[in-house]
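Trainee: Contents are compact mmCIF, C-alpha atoms and all ligand atoms; file name coords37.txt:
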# COMPACT_ATOMS: atom_id res chain seq x y z
CA MET A 65 -188.49 161.29 -105.84
CA ARG A 66 -187.73 158.75 -108.51
CA ARG A 67 -190.16 155.88 -108.76
CA GLY A 68 -189.56 152.56 -107.04
CA PHE A 69 -190.72 148.99 -107.22
CA ASP A 70 -192.45 147.75 -104.05
CA LEU A 71 -191.00 144.59 -102.51
CA PHE A 72 -192.44 143.91 -99.04
CA SER A 73 -193.04 145.47 -95.63
CA VAL A 74 -191.03 145.04 -92.45
CA ALA A 75 -192.19 146.49 -89.11
CA GLY A 76 -194.74 148.64 -90.91
CA ILE A 77 -192.12 150.06 -93.26
CA LYS A 78 -192.65 149.55 -96.97
CA ILE A 79 -189.48 148.49 -98.77
CA SER A 80 -189.13 149.39 -102.41
CA VAL A 81 -186.22 149.39 -104.81
CA ASN A 82 -185.39 151.93 -107.44
CA TYR A 83 -185.55 150.61 -111.00
CA THR A 84 -181.83 151.22 -111.46
CA TRP A 85 -181.32 148.81 -108.56
CA PHE A 86 -181.85 145.80 -110.86
CA ILE A 87 -179.14 147.01 -113.23
CA ILE A 88 -176.71 147.65 -110.38
CA LEU A 89 -177.50 144.26 -108.81
CA GLY A 90 -176.65 142.63 -112.15
CA LEU A 91 -173.42 144.62 -112.32
CA VAL A 92 -172.44 143.58 -108.78
CA ILE A 93 -173.07 139.90 -109.56
CA TRP A 94 -171.15 140.17 -112.79
CA SER A 95 -168.16 141.94 -111.24
CA LEU A 96 -168.04 139.38 -108.40
CA ALA A 97 -168.24 136.42 -110.79
CA ALA A 98 -165.97 137.81 -113.48
CA SER A 99 -163.30 139.39 -111.34
CA HIS A 100 -163.47 139.28 -107.52
CA PHE A 101 -164.04 135.58 -106.78
CA PRO A 102 -161.89 134.19 -109.66
CA GLU A 103 -158.99 136.34 -108.39
CA VAL A 104 -159.33 135.42 -104.72
CA TYR A 105 -160.54 131.84 -105.20
CA PRO A 106 -159.19 130.63 -108.59
CA ASP A 107 -159.89 126.96 -107.75
CA PHE A 108 -163.70 127.22 -107.79
CA ASP A 109 -165.43 125.99 -110.96
CA THR A 110 -167.54 128.39 -113.02
CA PHE A 111 -170.88 127.25 -111.62
CA THR A 112 -169.74 127.64 -107.99
CA THR A 113 -168.25 131.05 -108.76
CA TRP A 114 -171.52 132.33 -110.25
CA LEU A 115 -173.60 130.73 -107.49
CA ILE A 116 -171.62 132.36 -104.67
CA SER A 117 -171.64 135.67 -106.61
CA VAL A 118 -175.44 135.68 -106.69
CA VAL A 119 -175.65 134.67 -103.01
CA ALA A 120 -173.05 137.28 -101.98
CA ALA A 121 -174.78 140.05 -103.97
CA LEU A 122 -178.17 139.22 -102.43
CA LEU A 123 -176.65 139.15 -98.93
CA LEU A 124 -175.03 142.51 -99.66
CA PHE A 125 -178.56 143.73 -100.41
CA VAL A 126 -179.82 142.22 -97.12
CA SER A 127 -176.96 143.94 -95.26
CA VAL A 128 -177.90 147.31 -96.79
CA LEU A 129 -181.54 146.63 -96.00
CA LEU A 130 -180.75 145.90 -92.33
CA HIS A 131 -178.62 149.05 -92.13
CA GLU A 132 -181.45 151.18 -93.49
CA LEU A 133 -184.07 149.43 -91.36
CA SER A 134 -182.05 150.22 -88.24
CA HIS A 135 -182.25 153.93 -89.09
CA SER A 136 -185.97 153.66 -89.77
CA ILE A 137 -186.89 151.66 -86.70
CA VAL A 138 -185.01 154.04 -84.39
CA GLY A 139 -186.50 156.95 -86.34
CA ASN A 140 -190.01 155.65 -85.83
CA ARG A 141 -189.41 155.14 -82.12
CA LEU A 142 -188.45 158.80 -81.95
CA GLY A 143 -191.58 159.80 -83.84
CA LEU A 144 -190.30 160.55 -87.34
CA GLY A 145 -193.13 158.61 -89.01
CA ILE A 146 -191.10 156.70 -91.58
CA ARG A 147 -193.50 154.86 -93.88
CA GLY A 148 -191.11 153.49 -96.47
CA ILE A 149 -187.56 153.13 -97.72
CA THR A 150 -186.40 153.16 -101.31
CA LEU A 151 -183.25 151.11 -101.59
CA PHE A 152 -180.35 151.63 -103.91
CA ILE A 153 -177.66 149.01 -103.85
CA PHE A 154 -175.32 151.02 -101.60
CA GLY A 155 -177.91 152.61 -99.42
CA GLY A 156 -181.41 153.88 -99.22
CA ILE A 157 -183.61 156.89 -98.84
CA ALA A 158 -186.09 156.82 -95.99
CA HIS A 159 -189.40 158.54 -96.64
CA LEU A 160 -189.60 160.68 -93.55
CA GLY A 161 -192.94 161.91 -92.30
CA LYS A 162 -190.97 164.82 -90.88
CA GLU A 163 -187.37 165.91 -90.38
CA PRO A 164 -185.72 165.39 -86.96
CA GLU A 165 -186.69 168.30 -84.76
CA ASP A 166 -183.55 168.45 -82.65
CA PRO A 167 -179.87 167.51 -83.05
CA ALA A 168 -180.05 164.69 -80.46
CA THR A 169 -182.74 162.83 -82.45
CA GLU A 170 -180.70 163.28 -85.61
CA VAL A 171 -177.61 161.74 -84.00
CA LYS A 172 -179.51 158.73 -82.63
CA VAL A 173 -181.16 157.99 -85.99
CA ALA A 174 -177.90 158.51 -87.88
CA ALA A 175 -175.89 156.27 -85.53
CA ALA A 176 -178.28 153.30 -85.80
CA GLY A 177 -177.13 152.35 -89.32
CA PRO A 178 -173.37 152.26 -88.71
CA VAL A 179 -173.93 150.36 -85.45
CA CYS A 180 -175.86 147.75 -87.44
CA SER A 181 -173.13 147.54 -90.11
CA LEU A 182 -170.49 147.21 -87.40
CA LEU A 183 -172.38 144.31 -85.80
CA LEU A 184 -172.87 142.62 -89.18
CA ALA A 185 -169.19 143.00 -90.07
CA ALA A 186 -168.19 141.55 -86.68
CA LEU A 187 -170.66 138.68 -87.03
CA PHE A 188 -169.51 137.74 -90.54
CA LEU A 189 -165.83 138.13 -89.57
CA ALA A 190 -166.30 135.79 -86.60
CA LEU A 191 -168.15 133.21 -88.73
CA TYR A 192 -165.50 133.50 -91.42
CA LEU A 193 -162.62 132.96 -88.96
CA ILE A 194 -164.34 130.00 -87.26
CA LEU A 195 -165.22 128.27 -90.53
CA PHE A 196 -161.85 128.98 -92.13
CA ALA A 197 -160.07 127.49 -89.10
CA ALA A 198 -162.30 124.42 -89.24
CA GLN A 199 -162.32 123.62 -92.94
CA GLY A 200 -160.06 126.01 -94.89
CA ASP A 201 -161.32 127.52 -98.14
CA SER A 202 -164.85 126.71 -99.21
CA PRO A 203 -167.59 128.54 -101.14
CA LEU A 204 -169.29 129.49 -97.85
CA VAL A 205 -166.00 130.83 -96.46
CA ALA A 206 -165.58 132.89 -99.64
CA VAL A 207 -169.05 134.43 -99.23
CA LEU A 208 -168.44 135.17 -95.52
CA GLN A 209 -165.11 136.81 -96.31
CA TYR A 210 -166.77 139.06 -98.86
CA LEU A 211 -169.60 139.91 -96.46
CA TRP A 212 -167.50 140.97 -93.51
CA PHE A 213 -165.38 143.09 -95.81
CA ILE A 214 -168.31 144.74 -97.60
CA ASN A 215 -170.08 145.50 -94.30
CA ALA A 216 -166.89 147.04 -92.95
CA ALA A 217 -166.66 149.05 -96.18
CA LEU A 218 -170.30 150.20 -95.79
CA LEU A 219 -169.48 151.23 -92.23
CA VAL A 220 -166.44 153.29 -93.24
CA PHE A 221 -168.21 154.80 -96.25
CA ASN A 222 -171.19 155.86 -94.16
CA LEU A 223 -168.98 157.45 -91.51
CA VAL A 224 -167.58 159.98 -93.99
CA PRO A 225 -168.79 163.34 -92.67
CA GLY A 226 -170.66 164.43 -95.79
CA PHE A 227 -174.43 164.86 -95.74
CA PRO A 228 -176.59 162.80 -96.46
CA LEU A 229 -174.22 160.02 -95.35
CA ASP A 230 -174.61 159.04 -91.69
CA GLY A 231 -171.37 160.75 -90.70
CA GLY A 232 -172.62 163.86 -92.49
CA ARG A 233 -175.84 163.72 -90.49
CA VAL A 234 -173.84 163.64 -87.28
CA LEU A 235 -171.75 166.57 -88.54
CA ARG A 236 -174.96 168.42 -89.34
CA ALA A 237 -176.33 167.71 -85.86
CA ILE A 238 -173.12 169.07 -84.27
CA LEU A 239 -173.21 172.23 -86.39
CA TRP A 240 -176.93 172.55 -85.75
CA LYS A 241 -176.40 172.39 -81.99
CA LYS A 242 -173.55 174.91 -82.22
CA THR A 243 -175.25 177.47 -84.47
CA GLY A 244 -178.93 176.76 -83.84
CA ASP A 245 -179.42 177.15 -87.60
CA VAL A 246 -180.49 173.86 -89.20
CA ARG A 247 -180.40 175.30 -92.70
CA ARG A 248 -176.84 176.55 -92.47
CA ALA A 249 -175.78 173.30 -90.81
CA THR A 250 -177.35 171.32 -93.65
CA ARG A 251 -175.70 173.48 -96.29
CA ILE A 252 -172.23 173.05 -94.83
CA ALA A 253 -172.68 169.31 -94.26
CA SER A 254 -173.99 168.72 -97.78
CA ASN A 255 -171.12 170.74 -99.26
CA PHE A 256 -168.81 168.25 -97.52
CA GLY A 257 -170.94 165.50 -99.09
CA LYS A 258 -170.59 167.00 -102.55
CA GLY A 259 -166.85 167.46 -102.05
CA PHE A 260 -166.47 163.82 -101.11
CA ALA A 261 -168.61 162.75 -104.09
CA PHE A 262 -166.39 164.80 -106.39
CA LEU A 263 -163.30 163.17 -104.90
CA LEU A 264 -164.76 159.70 -105.48
CA ILE A 265 -165.57 160.49 -109.11
CA LEU A 266 -162.07 161.88 -109.64
CA LEU A 267 -160.42 158.82 -108.04
CA GLY A 268 -162.60 156.52 -110.13
CA LEU A 269 -161.74 158.30 -113.37
CA LEU A 270 -158.02 158.22 -112.46
CA GLN A 271 -158.26 154.47 -111.88
CA VAL A 272 -160.03 153.86 -115.17
CA PHE A 273 -158.00 156.14 -117.43
CA ILE A 274 -154.56 156.24 -115.83
CA PHE A 275 -154.32 152.82 -114.18
CA ARG A 276 -156.62 151.04 -116.68
CA ASN A 277 -158.57 149.52 -113.80
CA LEU A 278 -162.29 149.17 -114.63
CA GLY A 279 -163.07 148.79 -110.91
CA GLY A 280 -162.84 152.58 -110.81
CA ILE A 281 -166.27 152.73 -112.43
CA TRP A 282 -167.76 151.82 -109.03
CA PHE A 283 -166.23 154.92 -107.48
CA VAL A 284 -167.66 157.03 -110.29
CA LEU A 285 -171.13 155.49 -109.89
CA ILE A 286 -171.17 155.86 -106.11
CA GLY A 287 -169.80 159.40 -106.40
CA MET A 288 -172.52 160.37 -108.87
CA PHE A 289 -175.22 158.87 -106.69
CA LEU A 290 -173.88 160.66 -103.64
CA GLN A 291 -173.60 163.97 -105.46
CA GLN A 292 -177.25 163.76 -106.50
CA THR A 293 -178.53 162.78 -103.09
CA ALA A 294 -176.44 165.47 -101.37
CA GLU A 295 -177.99 168.12 -103.59
CA GLY A 296 -181.47 166.60 -103.40
CA SER A 297 -181.56 166.16 -99.63
CA TYR A 298 -180.31 169.68 -99.05
CA ARG A 299 -183.06 171.08 -101.23
CA GLN A 300 -185.61 168.88 -99.51
CA VAL A 301 -184.54 170.09 -96.08
CA LEU A 302 -184.58 173.65 -97.31
CA VAL A 303 -188.08 173.35 -98.74
CA ARG A 304 -189.44 171.61 -95.65
CA ASN A 305 -187.72 174.01 -93.31
CA VAL A 306 -188.69 177.24 -95.04
CA LEU A 307 -192.21 176.28 -96.03
CA SER A 308 -193.14 174.19 -93.02
CA GLY A 309 -196.42 175.15 -91.43
CA LEU A 310 -197.54 177.24 -94.41
CA LYS A 311 -201.02 176.39 -95.66
CA VAL A 312 -201.98 176.53 -99.31
CA ARG A 313 -204.31 179.48 -98.53
CA GLU A 314 -201.22 181.50 -97.57
CA THR A 315 -199.17 180.61 -100.64
CA MET A 316 -201.79 180.43 -103.41
CA THR A 317 -202.73 183.18 -105.84
CA THR A 318 -206.35 184.24 -105.55
CA GLU A 319 -206.49 186.06 -108.87
CA VAL A 320 -207.12 183.14 -111.16
CA VAL A 321 -207.71 183.37 -114.88
CA SER A 322 -210.30 180.68 -115.47
CA VAL A 323 -212.10 179.66 -118.62
CA ASP A 324 -215.84 179.17 -118.92
CA SER A 325 -216.70 175.67 -120.07
CA SER A 326 -218.85 176.99 -122.92
CA VAL A 327 -216.14 179.04 -124.66
CA ARG A 328 -215.15 177.78 -128.15
CA LEU A 329 -211.66 176.36 -128.61
CA ASP A 330 -210.69 178.99 -131.20
CA GLU A 331 -211.65 181.70 -128.69
CA LEU A 332 -209.77 179.82 -125.99
CA VAL A 333 -206.59 179.92 -128.07
CA GLU A 334 -207.01 183.58 -129.12
CA SER A 335 -208.25 185.10 -125.86
CA TYR A 336 -206.52 182.90 -123.32
CA PHE A 337 -203.47 180.94 -124.50
CA PHE A 338 -202.15 183.77 -126.74
CA LYS A 339 -203.16 186.53 -124.36
CA TYR A 340 -202.00 185.15 -121.00
CA ARG A 341 -199.37 182.70 -122.26
CA PHE A 342 -200.14 180.09 -119.62
CA ASN A 343 -199.94 176.43 -120.55
CA SER A 344 -203.17 175.51 -118.83
CA PHE A 345 -206.34 177.04 -117.39
CA PRO A 346 -208.93 175.88 -114.86
CA VAL A 347 -212.30 175.34 -116.52
CA VAL A 348 -215.38 176.56 -114.62
CA GLU A 349 -219.15 176.49 -114.80
CA GLY A 350 -220.12 179.60 -112.87
CA SER A 351 -217.75 179.40 -109.89
CA LYS A 352 -217.65 175.62 -109.89
CA LEU A 353 -214.40 174.02 -111.04
CA VAL A 354 -215.01 171.25 -113.56
CA GLY A 355 -211.62 170.57 -115.16
CA ILE A 356 -208.25 171.75 -116.43
CA VAL A 357 -207.54 172.39 -120.08
CA ASP A 358 -203.97 172.48 -121.33
CA ILE A 359 -202.36 173.49 -124.58
CA HIS A 360 -201.24 169.96 -125.50
CA GLN A 361 -204.82 168.68 -125.54
CA VAL A 362 -205.97 171.54 -127.75
CA LYS A 363 -203.01 171.00 -130.09
CA GLN A 364 -204.17 167.45 -130.78
CA ILE A 365 -207.50 168.68 -132.18
CA PRO A 366 -207.38 169.67 -135.88
CA ARG A 367 -207.70 173.45 -136.27
CA GLU A 368 -210.85 173.28 -138.39
CA GLN A 369 -212.71 171.63 -135.50
CA TRP A 370 -211.83 174.34 -132.96
CA ALA A 371 -214.91 176.42 -133.75
CA SER A 372 -217.26 173.56 -132.97
CA MET A 373 -215.66 172.35 -129.72
CA THR A 374 -215.42 173.60 -126.12
CA PRO A 375 -212.93 172.93 -123.27
CA LYS A 376 -215.37 170.30 -122.00
CA ASP A 377 -214.52 168.12 -125.00
CA VAL A 378 -210.79 168.07 -124.30
CA MET A 379 -210.18 168.97 -120.64
CA HIS A 380 -208.95 166.76 -117.79
CA PRO A 381 -212.10 166.40 -115.67
CA ILE A 382 -211.52 167.31 -112.04
CA SER A 383 -210.30 164.55 -109.71
CA GLU A 384 -208.69 164.40 -106.24
CA GLU A 385 -205.19 164.31 -107.78
CA LEU A 386 -205.82 167.55 -109.65
CA VAL A 387 -207.05 169.82 -106.86
CA LEU A 388 -205.75 171.34 -103.64
CA ARG A 389 -207.66 172.64 -100.64
CA PRO A 390 -206.90 175.89 -98.78
CA ASP A 391 -205.99 173.97 -95.62
CA ASP A 392 -203.54 171.63 -97.37
CA ASP A 393 -199.91 171.86 -96.34
CA THR A 394 -197.81 173.71 -98.94
CA VAL A 395 -194.97 171.18 -98.81
CA GLU A 396 -197.44 168.36 -99.45
CA ALA A 397 -199.08 170.36 -102.23
CA LEU A 398 -195.67 170.78 -103.83
CA THR A 399 -195.05 167.03 -103.56
CA LYS A 400 -198.43 166.43 -105.20
CA MET A 401 -197.51 168.74 -108.09
CA LEU A 402 -194.13 167.08 -108.56
CA LYS A 403 -195.74 163.63 -108.53
CA SER A 404 -198.50 164.48 -110.97
CA GLY A 405 -196.20 166.50 -113.23
CA TRP A 406 -198.44 169.61 -113.19
CA GLY A 407 -196.77 172.99 -112.85
CA LYS A 408 -199.84 174.36 -111.09
CA LEU A 409 -202.99 173.09 -109.45
CA PRO A 410 -206.30 174.81 -108.75
CA VAL A 411 -207.44 175.27 -105.15
CA VAL A 412 -211.07 174.55 -104.31
CA ALA A 413 -213.31 175.11 -101.32
CA GLY A 414 -216.11 172.60 -101.73
CA ASP A 415 -216.28 172.61 -105.52
CA ARG A 416 -215.75 176.36 -105.85
CA LEU A 417 -212.52 177.59 -107.42
CA VAL A 418 -210.83 179.91 -104.90
CA GLY A 419 -207.23 180.11 -106.07
CA ILE A 420 -204.32 178.52 -107.84
CA LEU A 421 -200.95 177.33 -106.59
CA THR A 422 -198.06 177.30 -109.05
CA ARG A 423 -194.73 175.64 -108.59
CA ARG A 424 -193.07 178.82 -109.79
CA ASP A 425 -194.80 180.89 -107.08
CA VAL A 426 -193.75 178.46 -104.37
CA MET A 427 -190.18 178.46 -105.65
CA ALA A 428 -190.14 182.27 -105.82
CA LEU A 429 -191.44 182.46 -102.26
CA LEU A 430 -188.82 179.94 -101.22
CA LYS A 431 -186.09 182.04 -102.82
CA ILE A 432 -187.27 185.26 -101.18
CA LYS A 433 -187.54 183.60 -97.79
CA THR A 434 -184.09 182.07 -98.15
CA ASP A 435 -182.55 185.34 -99.34
CA LEU A 436 -184.03 187.15 -96.36
CA GLY A 437 -182.92 184.34 -94.08
CA THR A 438 -186.35 184.11 -92.48
ZN ZN B 501 -176.94 154.85 -93.01
Here is a file; write its structure as C-alpha cells.
Mentor:
Amino acid sequence: MRRGFDLFSVAGIKISVNYTWFIILGLVIWSLAASHFPEVYPDFDTFTTWLISVVAALLLFVSVLLHELSHSIVGNRLGLGIRGITLFIFGGIAHLGKEPEDPATEVKVAAAGPVCSLLLAALFLALYLILFAAQGDSPLVAVLQYLWFINAALLVFNLVPGFPLDGGRVLRAILWKKTGDVRRATRIASNFGKGFAFLLILLGLLQVFIFRNLGGIWFVLIGMFLQQTAEGSYRQVLVRNVLSGLKVRETMTTEVVSVDSSVRLDELVESYFFKYRFNSFPVVEGSKLVGIVDIHQVKQIPREQWASMTPKDVMHPISEELVLRPDDDTVEALTKMLKSGWGKLPVVAGDRLVGILTRRDVMALLKIKTDLGT
C-alpha cells in the first residue's frame, strides 16, 4: 500500500490521505477556478471565484470522506475491523482487518457509501433549490449547485458494476452467492472494473486529442486510478483468500544458509554471495540470530578492508521489524516484508534461527495453489 499522511480519527477510524491527494486537490481547485465557475457564473469577481473553488473542493473532500466513513462504520458494525482509510480525491481504500466472510455482509458494506452520497446529493439539491428561489445566484448557491451535482456524480460513478467500485462489490457478492467461489467472483468483477477503467481512459484521450477538451484529463486520471485499484484489490483478495489461515511455520523454508558472525568479509563474498547468489544472509552466533547482512552494505566497504572486517561490522542488527515468528500469519508476514522492503525475513523461535520466509516462496506457493484451484 502506498504511504499516506495521517489527518485525524473519526469513530476510531484513522483518516489519512495519499501524498498524491494534495496535487489532485490543487488540480480540482484550479480547474474549478479557471474553468467551471467562470463558465457557469461569469459575474463573480476573481477573488470570489477562487474562494468558492477552495470551499467547493474541500466540501467535495468532505463528501468523499463521509461516503467512505459510511462504508467503514457499517463494516465495523459487521465485524470487519476497519482501522483506517486512505483517501484519494475520488474515493478511498479502507484498511480491512479481514475481508467480508459472506455475500450479505459485502452487499451491506458496499451499499452504505452510495446511500450516503444519495442523501448528500438530495440535501445539497434541496438547499440549492431553496436558496436559489429565495435570492437567485450567489456564491453560496454556486457552491451548493456544484455539490449536489458532484455527489450525484459520485453516486453514479460508484454504482458502475466494476470491482472495486461499490457496484462492482455488489456484482461480486451476487456472483459469489451464485457460484460459491469468492475468487472467481472477484476475478470477473474486477475484469469489469478494468474494462470500465479502460473505457474511461479511452474517452478521456478522445476528448483531449479529438475534441481538444482538456477536461478529458480527469477521465484519464480516474481511469488510471481505477485500473490500478482493480488490479491491486483483486490480488489482495487472492492473497488473503489463498493464504488465509496459513502460519509462517507452514510456509517458511527450514533449510537456511546462515553466516557465522566471525567470518571475514572476503570469505563472505567468496563462499556465500558468489556461491549461493542470494542478496542477503542471516548472521548467527551459534544458533542465535544476531543480524542480516546484505550485498549493498558489503559493497560500500572498500575491498582492501574486507579481510579485516566481519558481518558484525556491517550487518543490520536484529530488531522486531526484521524477524518473523513461526506462529505469525503468512499474510501479515508478507505485508511486513512489503512494508520493510525486504525480499525475505528470518524466522526465530526465542532468539534461535529456525527458518526463513521469502517473498518468492510465498508467491510460488500462491501460484501453485491458484493453479490447482485449492
Ligand atoms: Zn464507495
Trainee: Which chains and residue numbers are within 7 Å of ligand ZN 501 (chain B), counting all atoms listed in the file, if I want them as a PyMOL selection string?
Mentor: chain A and resi 131-132+135+155+174+177-178+222+229-230
Trainee: What gap, in Å, lies between atom CA of A:Leu269 and atom CA of A:Phe283?
Mentor: 8.1 Å
Trainee: Here is a test: counting all atoms listed in the file, which residue of A:Arg233, A:Arg147, A:Arg251, A:Lys400 is nearest to A:Leu421?
Mentor: A:Lys400
Trainee: Determine the nearest neighbour of A:Ile116 from the options A:Ala98, A:Ala190, A:Ile420, A:Ile265, counting all atoms listed in the file.
Mentor: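 Residue with the minimum atom-to-atom distance to A:Ile116: A:Ala98.
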Trainee: Restricting the calculation to only C-alpha atoms, which member of A:Ala168, A:Leu218, A:Leu184, A:Leu211 is positioned closest to A:Leu239?
Mentor: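 Looking only at the distances to A:Leu239, the closest residue turns out to be A:Ala168.
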Trainee: Can you pull out every residue within 10 Å of A:Val118, counting only C-alpha atoms, but drop anything in the same chain fewer than 2 positions away, and send it as a JSON list (two decimals) with C-alpha atoms, keeping the file's coordinate frame?
Mentor:
[["chain", "number", "residue", "atom", "x", "y", "z"],
["A", 89, "LEU", "CA", -177.50, 144.26, -108.81],
["A", 90, "GLY", "CA", -176.65, 142.63, -112.15],
["A", 92, "VAL", "CA", -172.44, 143.58, -108.78],
["A", 93, "ILE", "CA", -173.07, 139.90, -109.56],
["A", 94, "TRP", "CA", -171.15, 140.17, -112.79],
["A", 96, "LEU", "CA", -168.04, 139.38, -108.40],
["A", 97, "ALA", "CA", -168.24, 136.42, -110.79],
["A", 112, "THR", "CA", -169.74, 127.64, -107.99],
["A", 113, "THR", "CA", -168.25, 131.05, -108.76],
["A", 114, "TRP", "CA", -171.52, 132.33, -110.25],
["A", 115, "LEU", "CA", -173.60, 130.73, -107.49],
["A", 116, "ILE", "CA", -171.62, 132.36, -104.67],
["A", 120, "ALA", "CA", -173.05, 137.28, -101.98],
["A", 121, "ALA", "CA", -174.78, 140.05, -103.97],
["A", 122, "LEU", "CA", -178.17, 139.22, -102.43],
["A", 123, "LEU", "CA", -176.65, 139.15, -98.93],
["A", 124, "LEU", "CA", -175.03, 142.51, -99.66],
["A", 207, "VAL", "CA", -169.05, 134.43, -99.23]]
Trainee: Record the distance separating atom CA of A:Ile252 and atom CA of A:Val128, expressed in Å with one decimal.
Mentor: 26.4 Å
Trainee: Would you please work out which residue, of A:His380, A:Lys431, A:Arg304, A:Arg389, is nearest to A:Ser344 when using all atoms listed in the file?
Mentor: A:His380
Trainee: Might you pull out every residue within 12 Å of A:Ala413, with all atoms listed in the file counted and same-chain residues fewer than 5 positions away left off, and present them as a compact mmCIF listing (two decimals) with C-alpha atoms, keeping the file's coordinate frame?
Mentor:
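See result.txt below for the written result:
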# COMPACT_ATOMS: atom_id res chain seq x y z
CA VAL A 312 -201.98 176.53 -99.31
CA ARG A 313 -204.31 179.48 -98.53
CA SER A 351 -217.75 179.40 -109.89
CA LYS A 352 -217.65 175.62 -109.89
CA LEU A 353 -214.40 174.02 -111.04
CA VAL A 387 -207.05 169.82 -106.86
CA LEU A 388 -205.75 171.34 -103.64
CA ARG A 389 -207.66 172.64 -100.64
CA PRO A 390 -206.90 175.89 -98.78
CA ASP A 391 -205.99 173.97 -95.62
CA ASP A 392 -203.54 171.63 -97.37
CA VAL A 418 -210.83 179.91 -104.90
CA GLY A 419 -207.23 180.11 -106.07
CA ILE A 420 -204.32 178.52 -107.84
Trainee: Which residue is closest to A:Ser181? Choose from A:Leu129, A:Leu329, A:Val205, A:Val320 and count only C-alpha atoms.
Mentor: A:Leu129
Trainee: Quick one: everything within 9 Å of A:Ile238, counting all atoms listed in the file, minus sequence neighbours fewer than 4 positions away in the same chain. Send it as a list in words.
Mentor: Pro167, Val171, Arg233, Val234, Lys242, Thr243 and Ala249 of chain A
Trainee: From the list A:Ala197, A:Trp406, A:Thr169, A:Glu396, which residue is nearest A:Asp358 when using only C-alpha atoms?
Mentor: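 Distance minimum relative to A:Asp358 lands on A:Trp406.
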